[in-house]
Protein chains: 2
Amino acid sequence: MTQPPKTPPKRTLTLRDVSEASGVSEMTVSRVLRSRGDVSAATRDRVLEAARTLGYVPNKIAGALASSRVNLVAVIIPSLSNMVFPEVMAGISATLETTGLQPVVGVTNYSPDREETVLYEMLSWRPSGVIIAGLEHTPAAQAMLQNAGIPIVEIMDIDGVPVDSAVGISHRRAGRQMAEAIISAGYRKIAFLGTMMPHDHRARKRLEGFEEALAKAGIALVDREFYSGGSALLKGREMTAAVLTRTPDVDFLYYSNDMIGAGGLLYCLHLGLDIPGKIGLAAFNGVELLDGLPRQLATMDACRHEIGCRAAEIIAGGKEGNVVELSPILQRGDTIRT
Amino acid sequence: MTQPPKTPPKRTLTLRDVSEASGVSEMTVSRVLRSRGDVSAATRDRVLEAARTLGYVPNKIAGALASSRVNLVAVIIPSLSNMVFPEVMAGISATLETTGLQPVVGVTNYSPDREETVLYEMLSWRPSGVIIAGLEHTPAAQAMLQNAGIPIVEIMDIDGVPVDSAVGISHRRAGRQMAEAIISAGYRKIAFLGTMMPHDHRARKRLEGFEEALAKAGIALVDREFYSGGSALLKGREMTAAVLTRTPDVDFLYYSNDMIGAGGLLYCLHLGLDIPGKIGLAAFNGVELLDGLPRQLATMDACRHEIGCRAAEIIAGGKEGNVVELSPILQRGDTIRT
DNA sequence: CCAAAGACTGTTAGCGTTAACATAACCAAA
DNA sequence: TTTGGTTATGTTAACGCTAACAGTCTTTGG
């Protein structure tokens with residue numbers, strides 16, 4: 001009548017278990033595991049040994065409550081699927097690596113309400129700082145950021161008033177600069193192709209800056225085409241086809257992001273169009289993917305990695321009220337005539 | 001001699017503040033904010049009003065400690081930058097959405113040691129479950145997973161022994177299947193182009209399965225080329241150029257992922273090679289990006305979204321010991337002759 | 001009118017850890 | 001020896017919340 005080989009009920013382990021196993025107080029164990037305060041080498045070894053054989057994993061929940069210190073940094077971004085934010089994340093992770101802080105990602109899918117929810121959820125874990133994309137938030141989110149009492153860094157964009165700190169580029173200026181380059185290259189029949197997303201404020205600002213600079217030169221867009229969802233590369237082809245059909249005399253295509261730009265470029269190359277002679281193309285972001293294309297698409301680097309680094313530095317340093325404007329660099333590639 | 005307009009020292013708010021502001025006990029406030037237990041409508045309104053005007057954000061650290069319930073699910077993946085994991089994440093998020101659980105992402109950069117660290121870090125927050133990519137872990141990580149006492153789901157791969165549950169595809173089988181399709185299409189001089197990463201076990205298993213099936217047909221790879229780092233699209237071009245130069249009579253290129261495959265395809269098209277007549281191509285993953293290419297690259301869908309969904313379901317259901325094998329679908333595209 | 005069953009609110013005692021303050025043991029200098 | 005300063009360890013009281021239970025009112029049915 002043997003018992004079935006039941007696994008022991010396995011309470012989850014606490015400091016007490018380790019302290020009993022090693023014959024010292026819980027406090028000493030705590031000190032050893034955090035390497036804080038003086039502990040004799042002998043004791044330390046005994047404790048570490050015990051912790052390791054038991055498989056003890058500290059409970060940060062209790063630790064955080066007791067010390068009111070949390071090594072988490074909330075990072076709130078619109079999306080993971082478009083290459084740009086992963087690169088920002090890489091910058092953040094790399095910079096936080098040495099500080100003991102840990103990024104925690106929340107994704108909003110470009111929805112302000114979802115952003116509000118995600119922010120609330122993250123703040124309820126009392127992070128040491130918040131890095132959040134964009135300057136536009138719901139009033140409630142704005143208030144939460146205001147009152148959080150921790151460093152806040154709004155990233156990507158600096159056209160507006162930050163709650164606390166901001167690191168990014170001026171998308172209006174980026175749009176203007178690109179327009180100026182295009183105009184000075186002699187193009188005149190310019191079309192815009194971009195996202196429909198009502199909450200992609202940065203794409204909107206780029207377009208605004210772009211049109212502003214065009215207007216100053218007495219030029220208006222000859223066509224515009226919007227999309228939402230789907231494979232960006234494919235959409236780029238389709239939109240380009242639509243514009244070329246509808247406006248055959250167009251001589252420049254300005255895309256709101258590199259992915260649709262790449263699709264457009266491939267399509268134009270396929271048609272055998274004279275690029276950049278008869279028609280020019282340009283996009284935005286400077287994603288690595290472009291390097292692999294048969295022709296270098298004109299674009300503008302958005303400084304994504306550096307934005308991540310600088311934002312993380314501000315959080316790690318506990319600084320407040322910094323505004324860091326980075327300067328995107330126009331990469332003319334092979335698709336704007338010189 | 002007026003004081004500078006200093007902001008009030010602003011302790012962070014607690015339940016007590018809300019309870020005082022609304023004239024009820026902390027417990028009642030807690031009940032209202034969690035909608036648990038019976039509270040009169042009048043009281044509820046008063047409490048909510050107070051919480052809202054004060055801008056109270058609950059402290060989940062304290063809540064979790066008291067209730068020993070944490071609505072977090074640890075998700076540990078190798079990378080965010082290659083399109084594949086974001087899609088898994090999307091599946092996880094979508095499925096967890098309705099459950100009150102929240103995914104928390106950790107990235108390992110394909111480093112086992114980093115995986116161990118990230119896992120330890122995440123377990124110390126006592127999540128309700130763990131979703132982790134792959135079946136290969138350090139002994140310590142394996143032990144932690146074993147003893148965590150929560151549902152564990154190892155995803156992407158099922159060629160091995162899971163700690164608890166597993167959801168994924170057989171990469172060996174995927175490799176075999178692709179090899180069989182290629183052989184039966186009559187290709188014989190087959191080359192492999194892939195990542196160098198020593199810890200990308202899934203790519204390795206695909207190659208093993210691939211070669212196994214080739215061997216069964218009495219065929220050996222005529223060439224192989226590896227890379228690491230850099231723009232995958234560009235690497236695809238470069239590697240393809242290298243193989244075509246070194247082994248001019250090659251008639252099939254098998255890529256370990258879609259991105260380098262796409263680069264290779266663009267390069268071959270640029271050369272004007274007869275695809276799929278003279279030379280065939282195939283890759284792996286079925287990423288959306290391929291839809292936008294001028295020619296449909298043969299690939300195999302890795303069921304990424306569904307893997308995410310199924311894994312999340314297992315966690316949400318608190319189930320244990322499930323193994324779910326999904327079947328990747330071979331998409332022949334236009335780059336294997338029929 | 002009373003008992004029993006809700007409906008609503010409050011009280012108490014932790015959850016597992018750490019800050020802050022003892023305490024104890026030891027050693028060097030006076 | 002005494003003093004004072006380290007070094008090494010322990011004790012106590014939070015941290016902010018929730019589970020579990022204990023009331024206090026109502027309401028309902030007989």
# chains A, B, ... in the order shown; residues from 1 in each chain; ligands from 1
call {"tool": "select_by_dssp", "arguments": {"residues": "region 140-214 of chain B", "states": "alpha helix (DSSP H)", "output": "ChimeraX atom specification"}}
result
/B:140-147,171-184,201-214
call {"tool": "write_last_selection", "arguments": {"atoms": "N, CA and C atoms", "output": "mmCIF file, in the first residue's frame"}}
result
data_model
loop_
_atom_site.group_PDB
_atom_site.id
_atom_site.type_symbol
_atom_site.label_atom_id
_atom_site.label_comp_id
_atom_site.auth_asym_id
_atom_site.auth_seq_id
_atom_site.Cartn_x
_atom_site.Cartn_y
_atom_site.Cartn_z
ATOM 1 N N ALA B 140 20.178 25.507 -15.106
ATOM 2 C CA ALA B 140 19.577 26.329 -14.057
ATOM 3 C C ALA B 140 18.199 26.829 -14.492
ATOM 4 N N ALA B 141 18.106 27.269 -15.714
ATOM 5 C CA ALA B 141 16.824 27.758 -16.214
ATOM 6 C C ALA B 141 15.810 26.618 -16.211
ATOM 7 N N GLN B 142 16.255 25.469 -16.654
ATOM 8 C CA GLN B 142 15.401 24.290 -16.673
ATOM 9 C C GLN B 142 14.851 24.026 -15.260
ATOM 10 N N ALA B 143 15.732 24.096 -14.281
ATOM 11 C CA ALA B 143 15.325 23.851 -12.902
ATOM 12 C C ALA B 143 14.323 24.896 -12.429
ATOM 13 N N MET B 144 14.601 26.147 -12.752
ATOM 14 C CA MET B 144 13.666 27.203 -12.347
ATOM 15 C C MET B 144 12.286 26.955 -12.928
ATOM 16 N N LEU B 145 12.249 26.605 -14.206
ATOM 17 C CA LEU B 145 10.965 26.347 -14.855
ATOM 18 C C LEU B 145 10.268 25.184 -14.158
ATOM 19 N N GLN B 146 11.054 24.157 -13.886
ATOM 20 C CA GLN B 146 10.532 22.972 -13.216
ATOM 21 C C GLN B 146 9.852 23.318 -11.896
ATOM 22 N N ASN B 147 10.503 24.166 -11.117
ATOM 23 C CA ASN B 147 10.051 24.434 -9.751
ATOM 24 C C ASN B 147 9.143 25.637 -9.613
ATOM 25 N N HIS B 171 10.363 21.486 -36.505
ATOM 26 C CA HIS B 171 11.213 22.121 -37.507
ATOM 27 C C HIS B 171 11.957 21.077 -38.329
ATOM 28 N N ARG B 172 12.270 19.961 -37.697
ATOM 29 C CA ARG B 172 12.896 18.885 -38.457
ATOM 30 C C ARG B 172 11.982 18.456 -39.591
ATOM 31 N N ARG B 173 10.727 18.280 -39.242
ATOM 32 C CA ARG B 173 9.766 17.857 -40.243
ATOM 33 C C ARG B 173 9.603 18.910 -41.324
ATOM 34 N N ALA B 174 9.578 20.170 -40.905
ATOM 35 C CA ALA B 174 9.441 21.257 -41.873
ATOM 36 C C ALA B 174 10.593 21.212 -42.867
ATOM 37 N N GLY B 175 11.798 20.976 -42.342
ATOM 38 C CA GLY B 175 12.966 20.885 -43.217
ATOM 39 C C GLY B 175 12.829 19.713 -44.184
ATOM 40 N N ARG B 176 12.409 18.569 -43.638
ATOM 41 C CA ARG B 176 12.230 17.380 -44.481
ATOM 42 C C ARG B 176 11.226 17.635 -45.592
ATOM 43 N N GLN B 177 10.103 18.199 -45.198
ATOM 44 C CA GLN B 177 9.028 18.433 -46.166
ATOM 45 C C GLN B 177 9.503 19.300 -47.319
ATOM 46 N N MET B 178 10.221 20.351 -46.942
ATOM 47 C CA MET B 178 10.695 21.260 -47.980
ATOM 48 C C MET B 178 11.663 20.524 -48.904
ATOM 49 N N ALA B 179 12.534 19.736 -48.310
ATOM 50 C CA ALA B 179 13.501 18.982 -49.118
ATOM 51 C C ALA B 179 12.767 18.062 -50.087
ATOM 52 N N GLU B 180 11.749 17.391 -49.588
ATOM 53 C CA GLU B 180 11.006 16.464 -50.440
ATOM 54 C C GLU B 180 10.360 17.194 -51.609
ATOM 55 N N ALA B 181 9.782 18.363 -51.304
ATOM 56 C CA ALA B 181 9.143 19.132 -52.370
ATOM 57 C C ALA B 181 10.163 19.540 -53.427
ATOM 58 N N ILE B 182 11.332 19.919 -52.961
ATOM 59 C CA ILE B 182 12.374 20.381 -53.879
ATOM 60 C C ILE B 182 12.885 19.233 -54.752
ATOM 61 N N ILE B 183 13.103 18.106 -54.096
ATOM 62 C CA ILE B 183 13.608 16.941 -54.831
ATOM 63 C C ILE B 183 12.587 16.492 -55.873
ATOM 64 N N SER B 184 11.334 16.436 -55.434
ATOM 65 C CA SER B 184 10.332 15.914 -56.362
ATOM 66 C C SER B 184 10.079 16.896 -57.504
ATOM 67 N N HIS B 201 18.384 27.109 -32.419
ATOM 68 C CA HIS B 201 18.159 25.671 -32.531
ATOM 69 C C HIS B 201 17.131 25.312 -33.584
ATOM 70 N N ARG B 202 16.181 26.213 -33.786
ATOM 71 C CA ARG B 202 15.123 25.874 -34.737
ATOM 72 C C ARG B 202 15.657 25.884 -36.155
ATOM 73 N N ALA B 203 16.482 26.872 -36.470
ATOM 74 C CA ALA B 203 17.103 26.886 -37.802
ATOM 75 C C ALA B 203 17.973 25.645 -37.972
ATOM 76 N N ARG B 204 18.661 25.283 -36.927
ATOM 77 C CA ARG B 204 19.526 24.109 -36.984
ATOM 78 C C ARG B 204 18.699 22.850 -37.274
ATOM 79 N N LYS B 205 17.599 22.711 -36.558
ATOM 80 C CA LYS B 205 16.768 21.522 -36.735
ATOM 81 C C LYS B 205 16.169 21.469 -38.140
ATOM 82 N N ARG B 206 15.818 22.617 -38.661
ATOM 83 C CA ARG B 206 15.296 22.616 -40.033
ATOM 84 C C ARG B 206 16.359 22.100 -40.988
ATOM 85 N N LEU B 207 17.567 22.589 -40.804
ATOM 86 C CA LEU B 207 18.652 22.157 -41.687
ATOM 87 C C LEU B 207 18.896 20.652 -41.530
ATOM 88 N N GLU B 208 18.852 20.191 -40.280
ATOM 89 C CA GLU B 208 19.051 18.756 -40.065
ATOM 90 C C GLU B 208 17.992 17.934 -40.798
ATOM 91 N N GLY B 209 16.756 18.339 -40.631
ATOM 92 C CA GLY B 209 15.666 17.625 -41.305
ATOM 93 C C GLY B 209 15.838 17.685 -42.816
ATOM 94 N N PHE B 210 16.264 18.835 -43.266
ATOM 95 C CA PHE B 210 16.443 19.058 -44.693
ATOM 96 C C PHE B 210 17.501 18.099 -45.251
ATOM 97 N N GLU B 211 18.633 18.071 -44.586
ATOM 98 C CA GLU B 211 19.726 17.227 -45.066
ATOM 99 C C GLU B 211 19.382 15.745 -44.955
ATOM 100 N N GLU B 212 18.639 15.425 -43.920
ATOM 101 C CA GLU B 212 18.224 14.041 -43.716
ATOM 102 C C GLU B 212 17.407 13.550 -44.917
ATOM 103 N N ALA B 213 16.463 14.400 -45.336
ATOM 104 C CA ALA B 213 15.614 14.020 -46.469
ATOM 105 C C ALA B 213 16.420 13.976 -47.762
ATOM 106 N N LEU B 214 17.363 14.901 -47.880
ATOM 107 C CA LEU B 214 18.227 14.878 -49.061
ATOM 108 C C LEU B 214 19.008 13.558 -49.087
#
call {"tool": "calpha_fit_rmsd", "arguments": {"fixed": "chain B", "moving": "chain A"}}
result
0.2 Å
call {"tool": "residues_around", "arguments": {"residues": "Met239 (chain B)", "least_positions_apart": "3", "cutoff": "8 Å", "atoms": "only C-alpha atoms (C1' of nucleotides)", "output": "PDB file with N, CA and C atoms, in the first residue's frame"}}
result
ATOM      1  N   LEU B 193      21.557  28.370 -47.380  1.00  0.00           N
ATOM      2  CA  LEU B 193      22.059  29.672 -46.930  1.00  0.00           C
ATOM      3  C   LEU B 193      21.345  30.045 -45.643  1.00  0.00           C
ATOM      4  N   GLU B 225      26.307  28.408 -46.986  1.00  0.00           N
ATOM      5  CA  GLU B 225      26.834  29.751 -46.729  1.00  0.00           C
ATOM      6  C   GLU B 225      26.149  30.279 -45.477  1.00  0.00           C
ATOM      7  N   PHE B 226      26.954  30.828 -44.552  1.00  0.00           N
ATOM      8  CA  PHE B 226      26.361  31.304 -43.306  1.00  0.00           C
ATOM      9  C   PHE B 226      26.650  32.780 -43.086  1.00  0.00           C
ATOM     10  N   TYR B 227      25.808  33.410 -42.290  1.00  0.00           N
ATOM     11  CA  TYR B 227      26.040  34.818 -41.979  1.00  0.00           C
ATOM     12  C   TYR B 227      25.641  35.053 -40.542  1.00  0.00           C
ATOM     13  N   LYS B 235      22.273  40.801 -46.658  1.00  0.00           N
ATOM     14  CA  LYS B 235      23.038  39.565 -46.506  1.00  0.00           C
ATOM     15  C   LYS B 235      22.546  38.525 -47.501  1.00  0.00           C
ATOM     16  N   GLY B 236      21.257  38.493 -47.700  1.00  0.00           N
ATOM     17  CA  GLY B 236      20.685  37.540 -48.650  1.00  0.00           C
ATOM     18  C   GLY B 236      21.275  37.734 -50.040  1.00  0.00           C
ATOM     19  N   ALA B 242      27.676  35.084 -53.498  1.00  0.00           N
ATOM     20  CA  ALA B 242      28.809  34.235 -53.166  1.00  0.00           C
ATOM     21  C   ALA B 242      28.582  32.806 -53.650  1.00  0.00           C
ATOM     22  N   VAL B 243      27.406  32.288 -53.374  1.00  0.00           N
ATOM     23  CA  VAL B 243      27.117  30.898 -53.749  1.00  0.00           C
ATOM     24  C   VAL B 243      27.112  30.739 -55.267  1.00  0.00           C
ATOM     25  N   GLY B 264      17.833  37.277 -51.614  1.00  0.00           N
ATOM     26  CA  GLY B 264      18.326  36.398 -52.661  1.00  0.00           C
ATOM     27  C   GLY B 264      17.434  36.456 -53.896  1.00  0.00           C
TER      28      GLY B 264
END
call {"tool": "interface_residues", "arguments": {"of": "chain B", "to": "chain A", "cutoff": "8 Å", "atoms": "only C-alpha atoms", "output": "PyMOL selection string"}}
result
chain B and resi 10+12+55+57-62+64-65+80-81+83+86-87+104-106+120+123-126+143-144+147-149+231-237+263+266-267+270+288-289+291-294
call {"tool": "interface_residues", "arguments": {"of": "chain B", "to": "chain C", "cutoff": "8 Å", "atoms": "only C-alpha atoms (C1' of nucleotides)", "output": "ChimeraX atom specification"}}
result
/B:25,27-28,38-40,65-68
call {"tool": "write_last_selection", "arguments": {"atoms": "N, CA and C atoms", "output": "PDB file, in the first residue's frame"}}
result
ATOM      1  N   SER B  25     -14.410  52.950   4.811  1.00  0.00           N
ATOM      2  CA  SER B  25     -13.176  52.252   5.188  1.00  0.00           C
ATOM      3  C   SER B  25     -12.341  51.932   3.952  1.00  0.00           C
ATOM      4  N   MET B  27     -11.211  49.154   3.175  1.00  0.00           N
ATOM      5  CA  MET B  27     -11.687  47.893   2.601  1.00  0.00           C
ATOM      6  C   MET B  27     -12.788  48.150   1.585  1.00  0.00           C
ATOM      7  N   THR B  28     -13.668  49.037   1.916  1.00  0.00           N
ATOM      8  CA  THR B  28     -14.764  49.331   0.988  1.00  0.00           C
ATOM      9  C   THR B  28     -14.229  49.956  -0.298  1.00  0.00           C
ATOM     10  N   ASP B  38     -20.240  43.126  -2.410  1.00  0.00           N
ATOM     11  CA  ASP B  38     -21.383  44.034  -2.520  1.00  0.00           C
ATOM     12  C   ASP B  38     -21.064  45.399  -1.946  1.00  0.00           C
ATOM     13  N   VAL B  39     -21.333  46.399  -2.745  1.00  0.00           N
ATOM     14  CA  VAL B  39     -21.209  47.778  -2.275  1.00  0.00           C
ATOM     15  C   VAL B  39     -22.424  48.538  -2.798  1.00  0.00           C
ATOM     16  N   SER B  40     -23.005  49.375  -1.986  1.00  0.00           N
ATOM     17  CA  SER B  40     -24.190  50.102  -2.447  1.00  0.00           C
ATOM     18  C   SER B  40     -23.797  51.070  -3.554  1.00  0.00           C
ATOM     19  N   LEU B  65       0.963  41.245  -3.228  1.00  0.00           N
ATOM     20  CA  LEU B  65       1.538  40.626  -2.037  1.00  0.00           C
ATOM     21  C   LEU B  65       0.435  40.116  -1.119  1.00  0.00           C
ATOM     22  N   ALA B  66      -0.598  40.929  -0.987  1.00  0.00           N
ATOM     23  CA  ALA B  66      -1.688  40.551  -0.086  1.00  0.00           C
ATOM     24  C   ALA B  66      -2.504  39.385  -0.635  1.00  0.00           C
ATOM     25  N   SER B  67      -2.729  39.396  -1.913  1.00  0.00           N
ATOM     26  CA  SER B  67      -3.628  38.383  -2.466  1.00  0.00           C
ATOM     27  C   SER B  67      -2.863  37.206  -3.073  1.00  0.00           C
ATOM     28  N   SER B  68      -1.553  37.335  -3.131  1.00  0.00           N
ATOM     29  CA  SER B  68      -0.705  36.399  -3.865  1.00  0.00           C
ATOM     30  C   SER B  68      -1.309  36.017  -5.209  1.00  0.00           C
TER      31      SER B  68
END
call {"tool": "residues_around", "arguments": {"residues": "Tyr254 (chain B)", "least_positions_apart": "2", "cutoff": "6 Å", "atoms": "only C-alpha atoms (C1' of nucleotides)", "output": "MDAnalysis selection string"}}
result
chainID B and resid 192 281:283
call {"tool": "write_last_selection", "arguments": {"atoms": "C-alpha atoms", "output": "mmCIF file, in the first residue's frame"}}
result
data_model
loop_
_atom_site.group_PDB
_atom_site.id
_atom_site.type_symbol
_atom_site.label_atom_id
_atom_site.label_comp_id
_atom_site.auth_asym_id
_atom_site.auth_seq_id
_atom_site.Cartn_x
_atom_site.Cartn_y
_atom_site.Cartn_z
ATOM 1 C CA PHE B 192 21.763 26.082 -48.068
ATOM 2 C CA LEU B 281 14.390 29.276 -54.232
ATOM 3 C CA ALA B 282 12.670 28.613 -50.950
ATOM 4 C CA ALA B 283 12.777 29.997 -47.449
#
call {"tool": "atom_distance", "arguments": {"atom1": "CA of Cys268 (chain A)", "atom2": "CA of Arg304 (chain A)"}}
result
28.1 Å
call {"tool": "atom_distance", "arguments": {"atom1": "CA of Gly168 (chain B)", "atom2": "CA of Leu119 (chain B)"}}
result
20.3 Å
call {"tool": "interface_residues", "arguments": {"of": "chain D", "to": "chain A", "cutoff": "8 Å", "atoms": "only C-alpha atoms (C1' of nucleotides)", "output": "MDAnalysis selection string"}}
result
chainID D and resid 7:10 14:16
call {"tool": "select_by_dssp", "arguments": {"residues": "region 96-305 of chain A", "states": "strand (DSSP E)", "output": "mmCIF file with C-alpha atoms, in the first residue's frame"}}
result
data_model
loop_
_atom_site.group_PDB
_atom_site.id
_atom_site.type_symbol
_atom_site.label_atom_id
_atom_site.label_comp_id
_atom_site.auth_asym_id
_atom_site.auth_seq_id
_atom_site.Cartn_x
_atom_site.Cartn_y
_atom_site.Cartn_z
ATOM 1 C CA GLN A 102 14.560 46.703 -16.584
ATOM 2 C CA PRO A 103 12.323 47.873 -19.386
ATOM 3 C CA VAL A 104 8.757 46.596 -19.493
ATOM 4 C CA VAL A 105 6.959 47.064 -22.780
ATOM 5 C CA GLY A 106 3.344 47.974 -23.333
ATOM 6 C CA VAL A 107 1.804 48.223 -26.779
ATOM 7 C CA GLY A 129 10.224 55.907 -14.876
ATOM 8 C CA VAL A 130 8.086 56.020 -17.980
ATOM 9 C CA ILE A 131 9.176 56.218 -21.595
ATOM 10 C CA ILE A 132 6.211 56.840 -23.825
ATOM 11 C CA ALA A 133 5.942 57.478 -27.547
ATOM 12 C CA ILE A 152 8.681 60.758 -17.720
ATOM 13 C CA VAL A 153 10.251 60.836 -21.165
ATOM 14 C CA GLU A 154 8.113 61.335 -24.227
ATOM 15 C CA ILE A 155 9.998 60.069 -27.249
ATOM 16 C CA MET A 156 10.098 60.268 -31.031
ATOM 17 C CA ASP A 157 8.571 63.709 -31.356
ATOM 18 C CA SER A 165 11.285 65.371 -20.664
ATOM 19 C CA ALA A 166 11.290 64.701 -24.392
ATOM 20 C CA VAL A 167 13.722 63.093 -26.802
ATOM 21 C CA GLY A 168 13.091 63.030 -30.512
ATOM 22 C CA ILE A 169 13.113 64.851 -33.772
ATOM 23 C CA ILE A 190 4.553 65.768 -56.191
ATOM 24 C CA ALA A 191 2.278 63.135 -54.664
ATOM 25 C CA PHE A 192 2.036 61.884 -51.095
ATOM 26 C CA LEU A 193 1.387 58.281 -50.136
ATOM 27 C CA GLY A 194 0.889 57.400 -46.523
ATOM 28 C CA THR A 195 -0.988 55.862 -43.645
ATOM 29 C CA ASP A 223 -2.205 63.633 -55.613
ATOM 30 C CA ARG A 224 -2.430 61.773 -52.328
ATOM 31 C CA GLU A 225 -3.190 58.211 -51.435
ATOM 32 C CA PHE A 226 -3.831 56.636 -48.048
ATOM 33 C CA TYR A 227 -3.969 53.104 -46.713
ATOM 34 C CA PHE A 252 7.741 62.578 -57.375
ATOM 35 C CA LEU A 253 6.359 60.128 -54.847
ATOM 36 C CA TYR A 254 6.774 60.965 -51.146
ATOM 37 C CA TYR A 255 5.966 58.037 -48.873
ATOM 38 C CA GLY A 280 11.805 60.516 -57.913
ATOM 39 C CA LEU A 281 10.950 58.728 -54.679
ATOM 40 C CA ALA A 282 11.557 59.370 -51.031
ATOM 41 C CA THR A 299 14.958 58.550 -46.779
ATOM 42 C CA MET A 300 15.570 60.274 -43.544
#
call {"tool": "atom_distance", "arguments": {"atom1": "CA of Asp301 (chain A)", "atom2": "CA of Ile336 (chain A)"}}
result
15.9 Å
